[in-house]
Amino acid sequence: MKYNSSNFALLMAFTHGTDHFARRMIPPLLPLWAFFFGAPLWQIALLPAIQIFSTGLFQIPSGIVADSSDRRILLPLAFATHGVTYALFAIGATSSFLAFEVPLFGYPFDCRLLVMMLAMFLSGAGSSLLHPAGYPLITANIPAESKGRAYGLWGSSAKFGDGLGPAVLGLLIIYLDWSIIFTGVGVFLLIYAFFLFSILKGYDTLPTSSKSSSASASSFWKSDPRTYLLPIIAILAYFSIRGITADGIGALYPAFVDEIYGYTFEIFGTVVTSTSTASWYFSVLLISAGISQLVVGKLVDIYDSRLILLACVFTGAISIALLAIVELSPTNLLLVSIAIGSTLWASAPARDALINSITPPEREGRTFAYLWTGALMLGSLSPVAIGYIGDIGGLRLGFLYLVGVLLISAIPIALLYSKRIYLSTSD
């Protein structure tokens with residue numbers, strides 16, 4: 001049975017959102033784990049950093065595999081791996097057998113924390129299959145005239161998943177231990193892996209033939225570098241530099257709200273801790289990102305993607321600067337959170353559409369893999385570095401550094417307006 005493209009766009013959107021739902025349950029708990037393990041913030045920040053790093057490390061191998069293997073197998077494999085490692089994460093963290101310290105690089109590390117880091121590494125390895133397999137599936141099953149909207153759905157669903165994860169966690173953590181929540185998430189991801197394998201049978205999941213790929217590869221290296229190589233390098237530079245800011249905000253925003261504001265209140269006899277309120281502010285930020293990407297997905301079909309990317313950089317920098325400098329009321333903190341989400345992450349559909357317009361179909365899986373490798377591996381340094389700055393001078397100072405980094409990312413996008421770098425099909 002062959003399903004229609006609209007259903008497929010929704011399926012891929014939900015799939016992307018589910019992956020991000022699980023990943024975004026990590027940052028809100030960093031302050032809690034720092035207290036529980038008696039560890040500095042930079043050490044606890046290694047948990048999301050290692051997950052990000054591992055996702056980036058395996059992007060290129062995943063991209064090569066995705067360009068030559070059935071994506072019906074690869075996409076479910078990503079979720080199955082994700083699910084098993086989340087269960088390992090929860091079991092390792094609560095094991096009394098592992099409750100001892102070991103010296104590592106001159107610092108004492110709780111062995112339970114090291115097991116959690118191993119689980120995050122394996123989780124990132126599984127998640128690395130998502131983008132290299134997902135983007136070519138969209139290309140193969142979505143008509144060209146609907147690509148902008150499909151990318152908008154794909155990108156926005158990630159942010160809705162990002163936002164829903166902390167929101168659900170903020171509610172459940174009031175009543176359940178976090179390890180029970182994580183075990184439940186792991187089981188859900190395993191079930192979703194089986195569902196994906198079943199439903200993808202109705203779609204085009206096979207890569208292009210090796211014969212046509214070989215011929216295309218030969219002509220590719222003879223083509224003008226301004227049609228693919230140079231613009232992709234520029235986008236890689238933009239995406240990698242911007243990733244430092246995005247991953248820093250994405251990992252430490254809940255810790256920022258918890259440290260600076262620490263809102264705690266009681267409702268109907270139930271104490272709502274600062275962990276929950278920080279999670280909900282984080283959720284608002286990320287859901288705002290999802291809504292903005294739906295809008296940008298439509299704008300991509302009308303306006304130049306380069307202009308949209310530059311607009312997102314500058315408005316995002318202003319929003320983060322306000323967060324870092326100004327002492328905000330609860331209402332204004334909510335508004336600034338919405339502004340950050342609506343600007344910093346709004347660029348994804350424009351970025352993806354620009355890459356799609358440059359990249360030959362047979363190289364799409366590995367091209368996205370190259371880009372995510374650079375962005376994730378460089379971005380993985382950010383939580384630890386900003387966490388270290390936060391331990392010394394406070395997270396306000398760390399977030400100000402992220403503003404400067406974001407502004408630098410505008411330079412390679414501006415270079416794409418030069419015909420020495422990029423020969424657009426519209427030029």
# chains A, B, ... in the order shown; residues from 1 in each chain; ligands from 1
>>> residues_around(residues="Gly38 (chain A)", least_positions_apart="5", cutoff="12 Å", atoms="only C-alpha atoms", output="PDB file with C-alpha atoms, in the first residue's frame")
ATOM      1  CA  LEU A  30      21.261  18.979  35.348  1.00  0.00           C
ATOM      2  CA  PRO A  31      20.855  21.081  38.533  1.00  0.00           C
ATOM      3  CA  LEU A  32      19.217  18.123  40.311  1.00  0.00           C
ATOM      4  CA  TRP A  33      22.049  15.757  39.326  1.00  0.00           C
ATOM      5  CA  GLN A  43      31.011  17.895  35.037  1.00  0.00           C
ATOM      6  CA  ILE A  44      27.239  17.317  34.942  1.00  0.00           C
ATOM      7  CA  GLU A 101      34.230   7.528  42.995  1.00  0.00           C
ATOM      8  CA  PRO A 108      36.869  12.522  41.100  1.00  0.00           C
ATOM      9  CA  PHE A 109      33.890  11.125  39.144  1.00  0.00           C
ATOM     10  CA  ASP A 110      31.000   9.171  40.623  1.00  0.00           C
ATOM     11  CA  LEU A 113      27.715   9.333  36.528  1.00  0.00           C
TER      12      LEU A 113
END
>>> select_by_dssp(residues="region 233-278 of chain A", states="alpha helix (DSSP H)", output="ChimeraX atom specification")
/A:233-260,274-278
>>> write_last_selection(atoms="C-alpha atoms", output="compact mmCIF listing (two decimals), in the first residue's frame")
# COMPACT_ATOMS: atom_id res chain seq x y z
CA ILE A 233 31.59 24.76 3.14
CA ALA A 234 30.11 28.19 3.90
CA ILE A 235 26.91 26.63 5.27
CA LEU A 236 29.02 24.18 7.30
CA ALA A 237 30.91 27.10 8.84
CA TYR A 238 27.66 28.93 9.65
CA PHE A 239 25.98 25.84 11.06
CA SER A 240 28.98 24.77 13.16
CA ILE A 241 29.57 28.20 14.69
CA ARG A 242 25.86 28.70 15.34
CA GLY A 243 25.78 25.23 16.91
CA ILE A 244 27.98 26.48 19.76
CA THR A 245 25.28 28.96 20.76
CA ALA A 246 22.33 26.64 20.09
CA ASP A 247 23.79 23.74 22.07
CA GLY A 248 24.92 26.01 24.89
CA ILE A 249 21.43 27.51 25.25
CA GLY A 250 19.78 24.13 24.67
CA ALA A 251 21.77 22.40 27.42
CA LEU A 252 22.03 25.14 30.06
CA TYR A 253 18.93 27.32 29.72
CA PRO A 254 17.06 25.39 32.49
CA ALA A 255 20.13 25.67 34.74
CA PHE A 256 20.23 29.42 33.97
CA VAL A 257 16.60 29.92 35.01
CA ASP A 258 17.10 27.71 38.07
CA GLU A 259 20.27 29.54 39.14
CA ILE A 260 19.20 33.13 38.42
CA SER A 274 12.47 25.28 40.69
CA THR A 275 13.34 22.22 38.56
CA SER A 276 9.75 22.07 37.32
CA THR A 277 9.37 25.81 36.71
CA ALA A 278 12.70 25.98 34.85
>>> closest_atom_pairs(of="region 346-392 of chain A", to="region 308-319 of chain A", cutoff="9 Å", atoms="only C-alpha atoms", output="JSON lines")
{"residue": "A:Ala346", "atom": "CA", "partner": "A:Cys312", "partner_atom": "CA", "distance": 6.6}
{"residue": "A:Ser347", "atom": "CA", "partner": "A:Leu309", "partner_atom": "CA", "distance": 5.5}
{"residue": "A:Ala348", "atom": "CA", "partner": "A:Leu309", "partner_atom": "CA", "distance": 8.5}
{"residue": "A:Ala350", "atom": "CA", "partner": "A:Ile308", "partner_atom": "CA", "distance": 6.6}
{"residue": "A:Arg351", "atom": "CA", "partner": "A:Leu309", "partner_atom": "CA", "distance": 7.1}
>>> write_last_selection(atoms="N, CA and C atoms", output="compact mmCIF listing (two decimals), in the first residue's frame")
# COMPACT_ATOMS: atom_id res chain seq x y z
N ALA A 346 14.53 29.35 14.51
CA ALA A 346 13.58 29.51 13.41
C ALA A 346 14.19 29.24 12.05
N SER A 347 15.52 29.25 11.99
CA SER A 347 16.21 29.20 10.69
C SER A 347 16.22 27.83 10.03
N ALA A 348 15.87 26.76 10.75
CA ALA A 348 16.07 25.40 10.23
C ALA A 348 15.45 25.15 8.85
N ALA A 350 14.87 27.24 6.43
CA ALA A 350 15.65 27.99 5.42
C ALA A 350 16.99 27.31 5.17
N ARG A 351 17.62 26.88 6.24
CA ARG A 351 18.90 26.15 6.10
C ARG A 351 18.72 24.88 5.28
>>> select_by_dssp(residues="region 96-260 of chain A", states="strand (DSSP E or B)", output="VMD selection string")
chain A and resid 101 to 104 107 to 110
>>> write_last_selection(atoms="C-alpha atoms", output="short mmCIF file (atom, residue, chain, number, x, y, z; two decimals), in the first residue's frame")
data_model
loop_
_atom_site.label_atom_id
_atom_site.label_comp_id
_atom_site.auth_asym_id
_atom_site.auth_seq_id
_atom_site.Cartn_x
_atom_site.Cartn_y
_atom_site.Cartn_z
CA GLU A 101 34.23 7.53 43.00
CA VAL A 102 37.06 6.99 40.53
CA PRO A 103 39.75 9.52 39.57
CA LEU A 104 39.65 10.66 35.94
CA TYR A 107 39.04 14.88 39.00
CA PRO A 108 36.87 12.52 41.10
CA PHE A 109 33.89 11.12 39.14
CA ASP A 110 31.00 9.17 40.62
#
>>> atom_distance(atom1="CA of Thr183 (chain A)", atom2="CA of Ala90 (chain A)")
6.2 Å
>>> closest_atom_pairs(of="region 36-150 of chain A", to="region 360-377 of chain A", cutoff="8 Å", atoms="only C-alpha atoms", output="tab-separated table")
residue	atom	partner	partner_atom	distance
A:Ile52	CA	A:Leu376	CA	5.6
A:Phe53	CA	A:Met377	CA	4.8
A:Ser54	CA	A:Met377	CA	7.7
A:Thr55	CA	A:Leu376	CA	6.9
A:Gly56	CA	A:Thr373	CA	4.1
A:Leu57	CA	A:Thr373	CA	6.1
A:Phe58	CA	A:Thr373	CA	7.6
A:Gln59	CA	A:Ala369	CA	4.8
A:Ile60	CA	A:Ala369	CA	5.0
A:Ser62	CA	A:Ala369	CA	7.2
A:Gly63	CA	A:Arg366	CA	4.1
A:Ile64	CA	A:Arg366	CA	5.6
A:Ala66	CA	A:Gly365	CA	6.1
A:Asp67	CA	A:Gly365	CA	5.7
A:His131	CA	A:Phe368	CA	7.0
A:Pro132	CA	A:Gly365	CA	4.5
A:Ala133	CA	A:Gly365	CA	6.5
A:Tyr135	CA	A:Gly365	CA	6.7
A:Pro136	CA	A:Gly365	CA	5.9
A:Thr139	CA	A:Pro361	CA	7.7
>>> write_last_selection(atoms="N, CA and C atoms", output="mmCIF file, in the first residue's frame")
data_model
loop_
_atom_site.group_PDB
_atom_site.id
_atom_site.type_symbol
_atom_site.label_atom_id
_atom_site.label_comp_id
_atom_site.auth_asym_id
_atom_site.auth_seq_id
_atom_site.Cartn_x
_atom_site.Cartn_y
_atom_site.Cartn_z
ATOM 1 N N ILE A 52 25.545 14.937 22.458
ATOM 2 C CA ILE A 52 25.697 15.767 21.257
ATOM 3 C C ILE A 52 26.936 15.353 20.475
ATOM 4 N N PHE A 53 28.059 15.165 21.189
ATOM 5 C CA PHE A 53 29.320 14.798 20.543
ATOM 6 C C PHE A 53 29.194 13.466 19.808
ATOM 7 N N SER A 54 28.592 12.490 20.468
ATOM 8 C CA SER A 54 28.447 11.176 19.851
ATOM 9 C C SER A 54 27.557 11.233 18.614
ATOM 10 N N THR A 55 26.481 12.008 18.683
ATOM 11 C CA THR A 55 25.612 12.172 17.514
ATOM 12 C C THR A 55 26.398 12.745 16.342
ATOM 13 N N GLY A 56 27.261 13.721 16.636
ATOM 14 C CA GLY A 56 28.092 14.310 15.585
ATOM 15 C C GLY A 56 29.160 13.363 15.084
ATOM 16 N N LEU A 57 29.783 12.618 16.007
ATOM 17 C CA LEU A 57 30.872 11.706 15.649
ATOM 18 C C LEU A 57 30.434 10.655 14.637
ATOM 19 N N PHE A 58 29.202 10.173 14.780
ATOM 20 C CA PHE A 58 28.712 9.084 13.923
ATOM 21 C C PHE A 58 27.895 9.586 12.734
ATOM 22 N N GLN A 59 27.805 10.900 12.541
ATOM 23 C CA GLN A 59 27.009 11.428 11.442
ATOM 24 C C GLN A 59 27.524 10.976 10.076
ATOM 25 N N ILE A 60 28.811 11.109 9.846
ATOM 26 C CA ILE A 60 29.357 10.777 8.522
ATOM 27 C C ILE A 60 29.228 9.282 8.223
ATOM 28 N N SER A 62 27.010 7.326 9.412
ATOM 29 C CA SER A 62 25.570 7.135 9.226
ATOM 30 C C SER A 62 25.122 7.664 7.870
ATOM 31 N N GLY A 63 25.692 8.796 7.444
ATOM 32 C CA GLY A 63 25.347 9.366 6.147
ATOM 33 C C GLY A 63 25.750 8.472 4.997
ATOM 34 N N ILE A 64 26.935 7.879 5.097
ATOM 35 C CA ILE A 64 27.402 6.974 4.044
ATOM 36 C C ILE A 64 26.508 5.730 3.981
ATOM 37 N N ALA A 66 23.411 5.592 5.007
ATOM 38 C CA ALA A 66 22.067 6.007 4.575
ATOM 39 C C ALA A 66 21.977 6.193 3.069
ATOM 40 N N ASP A 67 23.108 6.494 2.413
ATOM 41 C CA ASP A 67 23.113 6.654 0.960
ATOM 42 C C ASP A 67 23.229 5.320 0.222
ATOM 43 N N HIS A 131 19.018 12.110 11.016
ATOM 44 C CA HIS A 131 19.089 13.101 9.937
ATOM 45 C C HIS A 131 19.559 12.506 8.604
ATOM 46 N N PRO A 132 20.642 11.701 8.590
ATOM 47 C CA PRO A 132 21.061 11.129 7.298
ATOM 48 C C PRO A 132 20.007 10.244 6.646
ATOM 49 N N ALA A 133 19.185 9.566 7.453
ATOM 50 C CA ALA A 133 18.118 8.740 6.876
ATOM 51 C C ALA A 133 16.860 9.551 6.618
ATOM 52 N N TYR A 135 16.336 13.011 5.970
ATOM 53 C CA TYR A 135 16.305 13.988 4.876
ATOM 54 C C TYR A 135 16.128 13.329 3.504
ATOM 55 N N PRO A 136 16.871 12.259 3.176
ATOM 56 C CA PRO A 136 16.641 11.615 1.878
ATOM 57 C C PRO A 136 15.236 11.011 1.759
ATOM 58 N N THR A 139 13.084 13.799 0.653
ATOM 59 C CA THR A 139 13.358 14.071 -0.761
ATOM 60 C C THR A 139 12.657 13.059 -1.665
#
>>> residues_around(residues="Ala353 (chain A)", least_positions_apart="6", cutoff="9 Å", atoms="only C-alpha atoms", output="CSV table (one decimal) with C-alpha atoms, in the first residue's frame")
chain,number,residue,atom,x,y,z
A,147,LYS,CA,9.5,20.7,0.2
A,148,GLY,CA,9.5,24.1,2.0
A,151,TYR,CA,11.0,21.1,6.0
A,297,GLY,CA,8.7,27.0,6.3
A,300,VAL,CA,11.1,29.7,2.4
A,301,ASP,CA,8.9,29.1,-0.6
A,305,SER,CA,16.8,31.5,2.3
>>> residues_around(residues="Ala93 (chain A)", least_positions_apart="5", cutoff="10 Å", atoms="only C-alpha atoms", output="ChimeraX atom specification")
/A:33,37,88,98-99,110-117,179
>>> closest_residue(among="A:Ile413, A:Leu307, A:Leu333, A:Ile302", to="Ile232 (chain A)", atoms="only C-alpha atoms")
A:Ile413
>>> residues_around(residues="Trp42 (chain A)", least_positions_apart="5", cutoff="10 Å", atoms="only C-alpha atoms", output="PyMOL selection string")
chain A and resi 30+34+47+49+383-391
>>> residues_around(residues="Leu164 (chain A)", least_positions_apart="3", cutoff="8 Å", atoms="only C-alpha atoms", output="list in words")
Phe21, Phe160, Gly161, Ala167, Val168, Ser283 and Ile287 of chain A
>>> closest_residue(among="A:Gly126, A:Gly398, A:Gly202, A:Pro27", to="Leu77 (chain A)", atoms="only C-alpha atoms")
A:Gly126
>>> atom_distance(atom1="CA of Ala339 (chain A)", atom2="CA of Ile291 (chain A)")
11.5 Å
>>> closest_residue(among="A:Val271, A:Leu286, A:Leu299, A:Leu75", to="Phe194 (chain A)", atoms="only C-alpha atoms")
A:Leu75
>>> decode(residues="region 279-416 of chain A", atoms="C-alpha atoms", output="short mmCIF file (atom, residue, chain, number, x, y, z; two decimals), in the first residue's frame")
data_model
loop_
_atom_site.label_atom_id
_atom_site.label_comp_id
_atom_site.auth_asym_id
_atom_site.auth_seq_id
_atom_site.Cartn_x
_atom_site.Cartn_y
_atom_site.Cartn_z
CA SER A 279 11.53 23.02 32.74
CA TRP A 280 8.32 24.84 31.84
CA TYR A 281 10.12 28.04 30.82
CA PHE A 282 12.42 25.88 28.70
CA SER A 283 9.38 24.20 27.20
CA VAL A 284 7.86 27.56 26.22
CA LEU A 285 11.13 28.57 24.55
CA LEU A 286 11.26 25.40 22.47
CA ILE A 287 7.58 25.31 21.53
CA SER A 288 7.97 28.91 20.33
CA ALA A 289 10.78 27.64 18.11
CA GLY A 290 8.43 25.03 16.66
CA ILE A 291 5.72 27.57 15.86
CA SER A 292 8.20 29.95 14.25
CA GLN A 293 9.56 27.17 12.03
CA LEU A 294 6.09 26.53 10.65
CA VAL A 295 5.97 30.20 9.64
CA VAL A 296 9.50 30.16 8.22
CA GLY A 297 8.70 26.96 6.29
CA LYS A 298 6.11 28.95 4.33
CA LEU A 299 8.42 31.96 3.93
CA VAL A 300 11.13 29.72 2.44
CA ASP A 301 8.89 29.08 -0.57
CA ILE A 302 8.67 32.87 -1.11
CA TYR A 303 11.90 34.57 0.05
CA ASP A 304 15.65 34.01 -0.30
CA SER A 305 16.84 31.53 2.35
CA ARG A 306 20.06 33.50 2.89
CA LEU A 307 18.09 36.57 3.98
CA ILE A 308 16.01 34.49 6.40
CA LEU A 309 19.15 32.97 7.94
CA LEU A 310 20.73 36.39 8.53
CA ALA A 311 17.52 37.74 10.06
CA CYS A 312 17.42 34.80 12.48
CA VAL A 313 21.04 35.35 13.53
CA PHE A 314 20.63 39.03 14.41
CA THR A 315 17.24 38.76 16.13
CA GLY A 316 18.45 35.71 18.05
CA ALA A 317 21.53 37.57 19.27
CA ILE A 318 19.40 40.47 20.55
CA SER A 319 17.07 38.07 22.39
CA ILE A 320 19.88 36.16 24.14
CA ALA A 321 21.61 39.43 25.08
CA LEU A 322 18.43 40.58 26.83
CA LEU A 323 18.32 37.34 28.80
CA ALA A 324 21.96 37.65 29.83
CA ILE A 325 21.96 41.36 30.79
CA VAL A 326 18.50 42.32 32.06
CA GLU A 327 16.95 41.30 35.39
CA LEU A 328 13.52 40.07 34.23
CA SER A 329 10.17 39.68 35.95
CA PRO A 330 8.44 36.27 35.59
CA THR A 331 6.28 37.67 32.76
CA ASN A 332 9.20 39.31 30.94
CA LEU A 333 11.27 36.14 31.33
CA LEU A 334 8.44 34.31 29.59
CA LEU A 335 8.41 36.86 26.75
CA VAL A 336 12.20 36.72 26.30
CA SER A 337 12.04 32.92 26.29
CA ILE A 338 9.49 33.10 23.48
CA ALA A 339 11.71 35.57 21.61
CA ILE A 340 14.78 33.30 21.85
CA GLY A 341 12.84 30.27 20.68
CA SER A 342 11.22 32.21 17.83
CA THR A 343 14.55 33.49 16.49
CA LEU A 344 17.49 31.23 17.37
CA TRP A 345 15.91 28.03 16.03
CA ALA A 346 13.58 29.51 13.41
CA SER A 347 16.21 29.20 10.69
CA ALA A 348 16.07 25.40 10.23
CA PRO A 349 13.64 25.30 7.23
CA ALA A 350 15.65 27.99 5.42
CA ARG A 351 18.90 26.15 6.10
CA ASP A 352 17.49 22.80 4.94
CA ALA A 353 15.90 24.28 1.80
CA LEU A 354 19.17 26.02 0.89
CA ILE A 355 21.13 22.79 1.31
CA ASN A 356 18.55 20.86 -0.70
CA SER A 357 18.76 23.37 -3.56
CA ILE A 358 22.56 22.98 -3.72
CA THR A 359 23.01 19.25 -3.13
CA PRO A 360 22.69 16.47 -5.77
CA PRO A 361 20.05 13.92 -4.62
CA GLU A 362 22.52 11.05 -4.49
CA ARG A 363 24.76 13.01 -2.06
CA GLU A 364 22.03 14.38 0.19
CA GLY A 365 22.41 11.87 3.05
CA ARG A 366 26.14 12.39 3.44
CA THR A 367 25.92 16.16 2.89
CA PHE A 368 23.54 16.58 5.80
CA ALA A 369 25.80 14.22 7.74
CA TYR A 370 28.85 16.44 7.09
CA LEU A 371 26.93 19.48 8.28
CA TRP A 372 25.57 17.85 11.41
CA THR A 373 29.01 16.45 12.22
CA GLY A 374 30.55 19.91 12.25
CA ALA A 375 27.67 21.50 14.14
CA LEU A 376 27.29 18.79 16.77
CA MET A 377 30.96 18.10 17.46
CA LEU A 378 31.81 21.78 17.81
CA GLY A 379 28.56 22.46 19.66
CA SER A 380 29.23 19.62 22.10
CA LEU A 381 32.05 21.66 23.61
CA SER A 382 29.65 24.46 24.48
CA PRO A 383 27.77 23.00 27.49
CA VAL A 384 31.01 22.11 29.28
CA ALA A 385 32.73 25.41 28.41
CA ILE A 386 29.74 27.56 29.38
CA GLY A 387 29.18 25.39 32.47
CA TYR A 388 32.80 26.04 33.48
CA ILE A 389 32.36 29.79 32.93
CA GLY A 390 29.14 29.53 34.95
CA ASP A 391 30.99 27.88 37.84
CA ILE A 392 33.50 30.76 37.86
CA GLY A 393 31.66 33.93 36.79
CA GLY A 394 27.99 32.93 36.54
CA LEU A 395 25.85 31.83 33.62
CA ARG A 396 24.99 35.41 32.63
CA LEU A 397 28.61 35.86 31.54
CA GLY A 398 28.58 32.51 29.76
CA PHE A 399 25.47 33.44 27.79
CA LEU A 400 27.05 36.75 26.73
CA TYR A 401 29.87 34.78 25.12
CA LEU A 402 27.23 32.83 23.19
CA VAL A 403 25.82 36.10 21.79
CA GLY A 404 29.21 36.96 20.27
CA VAL A 405 29.60 33.48 18.78
CA LEU A 406 26.15 33.67 17.17
CA LEU A 407 26.98 37.00 15.49
CA ILE A 408 30.16 35.49 14.00
CA SER A 409 28.04 32.79 12.32
CA ALA A 410 26.48 35.47 10.08
CA ILE A 411 29.78 35.98 8.19
CA PRO A 412 29.74 32.75 6.09
CA ILE A 413 26.07 33.30 5.19
CA ALA A 414 26.86 36.83 4.02
CA LEU A 415 29.62 35.34 1.81
CA LEU A 416 26.97 33.31 -0.05
#
